[in-house]
Amino acid sequence: MVSLSEPAERRPHELADVFLDAVYEIPGGERIKQCIQCGTCSASCPTSYAMDYSPREIIAAFRAGMLDRVLRSNTVWLCSSCYYCTVRCPSGIKLTDIMYELKRLGVEFGLVREGAIAPTISKAFVNMVDNYGRVHETMLVMRVFLRTKPWALLKMMPQGLKLITRGRLPFLPHRIKGISEMNKCAGAMTDAMVAGLHAGGSAAKEA
Amino acid sequence: MAEKIGVYVCDCGSNIAQMVNCKSVVDYAATLPNVTVAREYQYMCSDPGQELIKKDIKGLGLTRVVVASCSPLMHELTFRRAVEEGGLNQFLFQMANIREQCSWISENKEMATERAKAIVGAAVKRVVFQEPLEVKKVPVNPNVLVVGGGITGIEAALQIADSGKKVYLVEKEPTIGGYMARFDKTFPTLDCAACILTPKMVNVAQHPNIELLSYSDVTGFSGYVGNFTARIRRRPRYVDEEKCNGCGLCTEKCPISVPSEFECGLGKRKAIYRPFPQAVPNVPVIDREHCLFFMKGICKVCVKFCPRGAINFDQMEEYKDLDVGTAILATGFDLFDASKVKQYGYGRLSNVITSLEFERFSHASGPTGGKILLKNGQMPASVAILHCIGSRDTNFNEYCSRVCCMYSMKIAHLAHEKTGAKVYEFYIDIRAFGKGYEEFYKRLLEEDTVFIRGKAAEVTDFAQTAAEKGKLIVVAEDTLLGIVRRIPVDLVVLSVGLVPRKDAADLARVFSISRSQDGFFLERHPKLAPVSTASDGIFIAGSCQGPKDIPDSVAQGAAAAANALSLIDRKEVALEPTVAVIDEESCSGCKICLGLCAFNAITFDESKRVSRVNDALCKGCGVCVAACPSGAIEQRNFTDDQLLAEVESVCASER
Amino acid sequence: MNKAYDKSARVVSKALGIDLTELNDWNCCGASAYMSIRELRAHLLSARNLAIAEREKKDLAVVCPACYTNLTKTNHYMGEDAKLRRTVESALKAADLQYMGTVKVRHLLDVIVSDIGETKVRAKVTRPLSGLKIAPYYGCQFTRPLGDYDDKEFPTMLDTLLKWLGAEPVNFPLKAKCCGGILMITNEPVALSLVRSLLDCAVQNGGECIATICPLCHMSLEAYQGDINKAFSTNFKVPMFYFTQLMGLAFGFSKKELGINQELVSSKALLEKRLEVAR
């Protein structure tokens, strides 16, 4: 938990509104207004014990426009998408989906906790899917660790060897036949968004 | 002879005048055919405004009156009364709504004024075709039907009976008393529930004006205000109420024990039983699903021991028709089924109980003789009370059940008093809104109750530390501290919400009343008419209208009684004459109208082969009028001539 | 990673008469990583798979709850949110694809328990898993948020299936709690702690092995027992099985056919004790 003496950094007002609007855009996102701060989400969350701010505090800070503490905290990237919060929330808030949006906003606006490797991994994952259509675990792990903690690769070697010898790690990546068609679709999607079918927030920046 | 119409245009302060140029409307009205006088006034509904109308009727010999002001829902009755007092039949009056349907919705003054002129012109054209009508008066049967014998029904019944009127009190269970009979103490006074309830129950039993029909249901209800007929089904007790003296020997000797519904299944009762010792009537009932005689034709120990020969296995279901003038529904509530919220472990984990089960433990004549005990027979050293179970939750019921915060505190107090346990309450908000309620909350704080602001997310038996071994662990975020806490306790009490009864839908159908979205009975107006329904003569009171505590239930019971008595004391009820009328000459006997009437107001005369409207039941909705293919049905004060005159006038106007 | 799951799923589905064809040129559903970076394109990934399935006039059976969640979410949200639907539809058009919302997405366990049913499954059991105490582990996304075919807090489908196979599913209070998923890569200490609780609970309640229905859960619970033992001074050696492998064992297939030889924690001793399992 963060102490009360931390300075309250504030971003310009417009950015707070942009972020709020982005959350309202996702299906069901507007229900965040109905949060009664009951704390069910935090208590249901398997990783909240390790979070700087509990899920409930994230919503409170978000509505108060205190974005930095929301996005620079470790909270959003500790979400494991277990959906307990979503299923139990008495106000019907799809908190997991909102966490995804906060992850996207953090990546887009460069507001992530220093040293966080989760965004890097997710970006590598996305890269791989965009290029191959499927994920090749060996390559993914190698790429990620090379970029973030290369020495850990050495630690993982025995584990990796075990997996390879048991035939559980593929050697070669598989590229799907429809990869170019998929990227054509992605291009069309970008055009559609730019044309204003879906405005606002991180979605507009998906190009 | 030409009619003489008086037109009165109201400014309604600035409500109308700020948008509509009333003077210009008056000038326009004065030019219309048959208009004798057209006036403008600031507040037509005021006394002087009404005087204007009365004076002109007398002085100018007006034969029709049009008032252009607000919605008829506001002041139609006011002006009709004024017209009547002026000496003219009240149905020779027409109201033109130039406020809600004109001034309040127009974008600019020109538009508003033109619109007002069109509306007034239409009313003037129409009123010429209106005929004098007489309000029909029907007598009111002074008998009252009260359905439900809980504290609310008891209060209503006693109030009415004390005023000298006859009450039929119908109760589904073998005894009256409702949920209150199952409580130990009541908040905030900590009165013993039975101590304050049973004297009232005895009053009901002994009151000469109350006929108690227990173990009975209402299976049919027909008629109209002041003249209803209720069909009551009396279920057989297999014990003669006249002969039984309540000695209890049969119950003592009966060999069959089954879980007791009254005790929430925590204790037992016999196959022949009284729900609780102070039951009214103090006559047992035989549960034929478990009675050996009914199942196998043997035993009859109760017959052997009964000193009065009151057991009668041949009793049959009986139907009784009651004539009443009004009905009060006080059928109460049910509790939310906690097993639906699996994360709290009700039904899966031992020592997770509901609030009502706690009441039964705490009750001196409950299954443990008033001791709070765990499944292993020991007293808990720690108790957790979880608020808002099934309430304030989109997954179950959105509404707040109103009483749970207070009863949770009561339970906390009782738990602490009886066991010395450390008590935790997990809440979202504390709703202590009534008289003495906040003070009760302070008392609980004083008693070292630990209030944790955070809705419990789950109750688990999987221990993570030594201190948690063998306990139930409540997991909640202490939102005021911002920490997720795991609190190990011995006993978990779930503060379940109040829900409409399972039979609420059926009962609503029998009485033709509506229910609100949450399933409770719908009141006529949430603020101004909380105990009336849209059906004249049928009232609702207590928790069947919405969750509420005992003080509010009693208040509503008395309010419903007052409403009923007010109707009865009028001796007659005026029925609006704007009903449908069938011209028997034109009726072809197709019967289309019969099926369409939502109020069962149309009957078919087989001998004459024509349909007929019962003008007491008819509400003037107009559906049959529109549907009749022969055009044989007309609605008084909404005749074709009148409606067409309005339409023609509006179509012909400049706008 | 999941060859064993793939193998065993095909083998038992064939035995039960379920016609399973690998979706033609399927693409990754995006798991949770893609949605963390791009929302609409994540939906597009699922929409492409749905469109291909619709074109082949087949419903989709998945063995991974994350795929289930992503496909179902896209299916669901496209129905609910008009803007989303329009955007995705216009994107699919670029590849001459379209999706009309007719495909049903099911988890294979649901298909087996709900559609195939007890009689048919029991009929195939030649080697009942008698006496084998199994902790049935569901993880999160099997029923949360959109899997309405079983309870979201305490599902029972896997317990039921294990009983049909003759095994003894043990009471497992944490059966639907999170294993950490991708956190095992991004935040190992937290994930190890979560998995430790799960293993602890399973063992304390008498579980000799754990059955899973999710490849990531399987990996998390199996591959890190060594690390957990080191970090928490425990001594876990809990064999992990995919539910399809257990079905295969009960149906009489060999360990090799079911990919059990690819396991990281040996089940040899356990299986020899409880069943007559040859190779």
# chains A, B, ... in the order shown; residues from 1 in each chain; ligands from 1
$ residues_around --residues "Val67 in chain B" --least-positions-apart "6" --cutoff "10 Å" --atoms "only C-alpha atoms" --output "MDAnalysis selection string"
chainID B and resid 6:10 38:40 44:45 53 75:76 79 93:98 120 123:124
$ residues_around --residues "Thr96 in chain A" --least-positions-apart "2" --cutoff "10 Å" --atoms "only C-alpha atoms" --output "list in words"
Cys41, Pro55, Val76, Cys79, Ser80, Ser81, Cys82, Tyr83, Tyr84, Cys85, Thr86, Val87, Ile93, Lys94, Ile98, Met99, Tyr100, Glu101 and Leu102 of chain A; Pro145 of chain C
$ interface_residues --of "chain C" --to "chain A" --cutoff "7 Å" --atoms "only C-alpha atoms" --output "VMD selection string"
chain C and resid 1 to 3 25 27 to 28 33 to 41 81 83 87 to 88 90 to 92 94 to 95 140 to 141 144 to 145 178 180 to 183 186 262
$ atom_distance --atom1 "CA of Ala338 in chain B" --atom2 "CA of Tyr138 in chain C"
23.8 Å
$ select_by_dssp --residues "range 10-210 of chain C" --states "strand (DSSP E or B)" --output "VMD selection string"
chain C and resid 60 to 62 105 to 107 133 to 137 168 to 169 209 to 210
$ write_last_selection --atoms "N, CA and C atoms" --output "PDB file, in the first residue's frame"
ATOM      1  N   LEU C  60     -17.677 -24.782 -32.649  1.00  0.00           N
ATOM      2  CA  LEU C  60     -16.300 -24.873 -32.188  1.00  0.00           C
ATOM      3  C   LEU C  60     -16.221 -25.551 -30.828  1.00  0.00           C
ATOM      4  N   ALA C  61     -15.366 -26.586 -30.724  1.00  0.00           N
ATOM      5  CA  ALA C  61     -15.097 -27.183 -29.419  1.00  0.00           C
ATOM      6  C   ALA C  61     -13.672 -26.798 -29.067  1.00  0.00           C
ATOM      7  N   VAL C  62     -13.472 -26.245 -27.908  1.00  0.00           N
ATOM      8  CA  VAL C  62     -12.133 -25.836 -27.491  1.00  0.00           C
ATOM      9  C   VAL C  62     -11.738 -26.600 -26.253  1.00  0.00           C
ATOM     10  N   VAL C 105     -19.814 -21.909 -29.377  1.00  0.00           N
ATOM     11  CA  VAL C 105     -18.492 -22.253 -28.858  1.00  0.00           C
ATOM     12  C   VAL C 105     -18.679 -23.078 -27.590  1.00  0.00           C
ATOM     13  N   ARG C 106     -18.045 -24.233 -27.526  1.00  0.00           N
ATOM     14  CA  ARG C 106     -18.209 -25.115 -26.362  1.00  0.00           C
ATOM     15  C   ARG C 106     -16.847 -25.593 -25.882  1.00  0.00           C
ATOM     16  N   HIS C 107     -16.736 -25.804 -24.599  1.00  0.00           N
ATOM     17  CA  HIS C 107     -15.536 -26.470 -24.081  1.00  0.00           C
ATOM     18  C   HIS C 107     -15.767 -27.961 -24.221  1.00  0.00           C
ATOM     19  N   LYS C 133      -7.526 -41.042  -6.180  1.00  0.00           N
ATOM     20  CA  LYS C 133      -8.067 -39.823  -5.587  1.00  0.00           C
ATOM     21  C   LYS C 133      -7.557 -38.620  -6.375  1.00  0.00           C
ATOM     22  N   ILE C 134      -8.491 -37.958  -7.015  1.00  0.00           N
ATOM     23  CA  ILE C 134      -8.123 -36.869  -7.919  1.00  0.00           C
ATOM     24  C   ILE C 134      -8.709 -35.549  -7.428  1.00  0.00           C
ATOM     25  N   ALA C 135      -7.883 -34.509  -7.437  1.00  0.00           N
ATOM     26  CA  ALA C 135      -8.403 -33.167  -7.138  1.00  0.00           C
ATOM     27  C   ALA C 135      -8.776 -32.522  -8.466  1.00  0.00           C
ATOM     28  N   PRO C 136     -10.061 -32.268  -8.689  1.00  0.00           N
ATOM     29  CA  PRO C 136     -10.463 -31.702  -9.979  1.00  0.00           C
ATOM     30  C   PRO C 136     -10.223 -30.201  -9.989  1.00  0.00           C
ATOM     31  N   TYR C 137      -9.339 -29.736 -10.876  1.00  0.00           N
ATOM     32  CA  TYR C 137      -9.012 -28.319 -10.885  1.00  0.00           C
ATOM     33  C   TYR C 137      -9.579 -27.659 -12.135  1.00  0.00           C
ATOM     34  N   GLU C 168     -12.212 -41.147  -7.638  1.00  0.00           N
ATOM     35  CA  GLU C 168     -12.756 -40.464  -6.469  1.00  0.00           C
ATOM     36  C   GLU C 168     -12.343 -38.993  -6.491  1.00  0.00           C
ATOM     37  N   PRO C 169     -13.192 -38.143  -6.993  1.00  0.00           N
ATOM     38  CA  PRO C 169     -12.810 -36.716  -6.920  1.00  0.00           C
ATOM     39  C   PRO C 169     -12.871 -36.258  -5.473  1.00  0.00           C
ATOM     40  N   CYS C 209      -3.395 -36.755  -7.164  1.00  0.00           N
ATOM     41  CA  CYS C 209      -3.010 -36.121  -8.419  1.00  0.00           C
ATOM     42  C   CYS C 209      -4.057 -35.051  -8.720  1.00  0.00           C
ATOM     43  N   ILE C 210      -3.781 -34.248  -9.734  1.00  0.00           N
ATOM     44  CA  ILE C 210      -4.719 -33.173 -10.078  1.00  0.00           C
ATOM     45  C   ILE C 210      -5.140 -33.321 -11.530  1.00  0.00           C
TER      46      ILE C 210
END
$ residues_around --residues "Glu648 in chain B" --least-positions-apart "3" --cutoff "12 Å" --atoms "only C-alpha atoms" --output "ChimeraX atom specification"
/B:118-119,121-126,640-645,651-653
$ write_last_selection --atoms "N, CA and C atoms" --output "PDB file, in the first residue's frame"
ATOM      1  N   ALA B 118     -55.195  26.011 -31.218  1.00  0.00           N
ATOM      2  CA  ALA B 118     -55.735  24.788 -31.824  1.00  0.00           C
ATOM      3  C   ALA B 118     -56.375  23.907 -30.773  1.00  0.00           C
ATOM      4  N   ILE B 119     -55.687  23.756 -29.618  1.00  0.00           N
ATOM      5  CA  ILE B 119     -56.209  22.899 -28.547  1.00  0.00           C
ATOM      6  C   ILE B 119     -57.520  23.452 -28.002  1.00  0.00           C
ATOM      7  N   GLY B 121     -59.572  25.507 -29.518  1.00  0.00           N
ATOM      8  CA  GLY B 121     -60.591  25.407 -30.572  1.00  0.00           C
ATOM      9  C   GLY B 121     -61.208  24.022 -30.617  1.00  0.00           C
ATOM     10  N   ALA B 122     -60.354  23.014 -30.474  1.00  0.00           N
ATOM     11  CA  ALA B 122     -60.840  21.631 -30.502  1.00  0.00           C
ATOM     12  C   ALA B 122     -61.779  21.369 -29.326  1.00  0.00           C
ATOM     13  N   ALA B 123     -61.388  21.844 -28.153  1.00  0.00           N
ATOM     14  CA  ALA B 123     -62.220  21.633 -26.967  1.00  0.00           C
ATOM     15  C   ALA B 123     -63.570  22.311 -27.111  1.00  0.00           C
ATOM     16  N   VAL B 124     -63.553  23.501 -27.697  1.00  0.00           N
ATOM     17  CA  VAL B 124     -64.793  24.244 -27.874  1.00  0.00           C
ATOM     18  C   VAL B 124     -65.726  23.506 -28.839  1.00  0.00           C
ATOM     19  N   LYS B 125     -65.144  22.981 -29.897  1.00  0.00           N
ATOM     20  CA  LYS B 125     -65.932  22.232 -30.883  1.00  0.00           C
ATOM     21  C   LYS B 125     -66.531  20.990 -30.255  1.00  0.00           C
ATOM     22  N   ARG B 126     -65.733  20.335 -29.436  1.00  0.00           N
ATOM     23  CA  ARG B 126     -66.141  19.047 -28.846  1.00  0.00           C
ATOM     24  C   ARG B 126     -67.234  19.216 -27.812  1.00  0.00           C
ATOM     25  N   ASP B 640     -68.126   9.190 -30.851  1.00  0.00           N
ATOM     26  CA  ASP B 640     -67.538   9.474 -32.163  1.00  0.00           C
ATOM     27  C   ASP B 640     -67.708  10.946 -32.517  1.00  0.00           C
ATOM     28  N   ASP B 641     -68.911  11.493 -32.288  1.00  0.00           N
ATOM     29  CA  ASP B 641     -69.165  12.901 -32.611  1.00  0.00           C
ATOM     30  C   ASP B 641     -68.172  13.799 -31.902  1.00  0.00           C
ATOM     31  N   GLN B 642     -67.990  13.536 -30.617  1.00  0.00           N
ATOM     32  CA  GLN B 642     -67.098  14.392 -29.827  1.00  0.00           C
ATOM     33  C   GLN B 642     -65.663  14.283 -30.320  1.00  0.00           C
ATOM     34  N   LEU B 643     -65.220  13.055 -30.522  1.00  0.00           N
ATOM     35  CA  LEU B 643     -63.815  12.865 -30.917  1.00  0.00           C
ATOM     36  C   LEU B 643     -63.560  13.409 -32.313  1.00  0.00           C
ATOM     37  N   LEU B 644     -64.508  13.170 -33.206  1.00  0.00           N
ATOM     38  CA  LEU B 644     -64.329  13.665 -34.573  1.00  0.00           C
ATOM     39  C   LEU B 644     -64.327  15.180 -34.614  1.00  0.00           C
ATOM     40  N   ALA B 645     -65.159  15.796 -33.757  1.00  0.00           N
ATOM     41  CA  ALA B 645     -65.189  17.263 -33.710  1.00  0.00           C
ATOM     42  C   ALA B 645     -63.821  17.803 -33.332  1.00  0.00           C
ATOM     43  N   CYS B 651     -57.348  19.632 -37.357  1.00  0.00           N
ATOM     44  CA  CYS B 651     -56.884  19.542 -38.746  1.00  0.00           C
ATOM     45  C   CYS B 651     -57.168  20.811 -39.513  1.00  0.00           C
ATOM     46  N   ALA B 652     -58.275  21.455 -39.184  1.00  0.00           N
ATOM     47  CA  ALA B 652     -58.649  22.664 -39.918  1.00  0.00           C
ATOM     48  C   ALA B 652     -57.869  23.874 -39.469  1.00  0.00           C
ATOM     49  N   SER B 653     -57.265  23.810 -38.299  1.00  0.00           N
ATOM     50  CA  SER B 653     -56.579  25.014 -37.792  1.00  0.00           C
ATOM     51  C   SER B 653     -55.349  25.305 -38.631  1.00  0.00           C
TER      52      SER B 653
END
$ interface_residues --of "chain A" --to "chain B" --cutoff "8 Å" --atoms "only C-alpha atoms" --output "CSV table (one decimal) with C-alpha atoms, in the first residue's frame"
chain,number,residue,atom,x,y,z
A,1,MET,CA,0.0,0.0,0.0
A,37,GLN,CA,-16.8,1.0,-3.3
A,38,CYS,CA,-17.9,-2.2,-1.5
A,39,GLY,CA,-14.5,-3.9,-1.8
A,40,THR,CA,-15.8,-7.2,-3.1
A,41,CYS,CA,-13.4,-7.0,-6.1
A,42,SER,CA,-10.3,-6.5,-4.0
A,43,ALA,CA,-11.2,-9.2,-1.6
A,44,SER,CA,-11.9,-11.6,-4.5
A,48,SER,CA,-4.5,-8.0,-4.7
A,49,TYR,CA,-2.3,-8.7,-1.8
A,54,SER,CA,-6.4,-2.7,-4.8
A,57,GLU,CA,-8.8,1.8,-5.1
A,88,ARG,CA,-19.2,-11.0,-8.0
A,89,CYS,CA,-19.5,-7.2,-8.4
A,90,PRO,CA,-22.9,-6.2,-7.1
A,91,SER,CA,-22.9,-3.2,-9.5
A,92,GLY,CA,-22.3,-5.4,-12.5
$ closest_atom_pairs --of "chain C" --to "chain B" --cutoff "10 Å" --atoms "only C-alpha atoms" --output "Markdown table"
| residue | atom | partner | partner_atom | distance |
| --- | --- | --- | --- | --- |
| C:Asp151 | CA | B:Lys342 | CA | 8.7 |
| C:Lys152 | CA | B:Lys342 | CA | 8.8 |
| C:Glu153 | CA | B:Gln343 | CA | 6.3 |
| C:Phe154 | CA | B:Lys342 | CA | 7.3 |
| C:Phe172 | CA | B:Phe462 | CA | 9.3 |
| C:Pro173 | CA | B:Phe462 | CA | 6.8 |
| C:Leu174 | CA | B:Phe462 | CA | 8.0 |
| C:Ser197 | CA | B:Gln464 | CA | 8.1 |
| C:Asp200 | CA | B:Gln464 | CA | 9.6 |
| C:Cys201 | CA | B:Phe462 | CA | 7.3 |
| C:Gln204 | CA | B:Phe462 | CA | 9.6 |
| C:Asn205 | CA | B:Phe462 | CA | 9.8 |
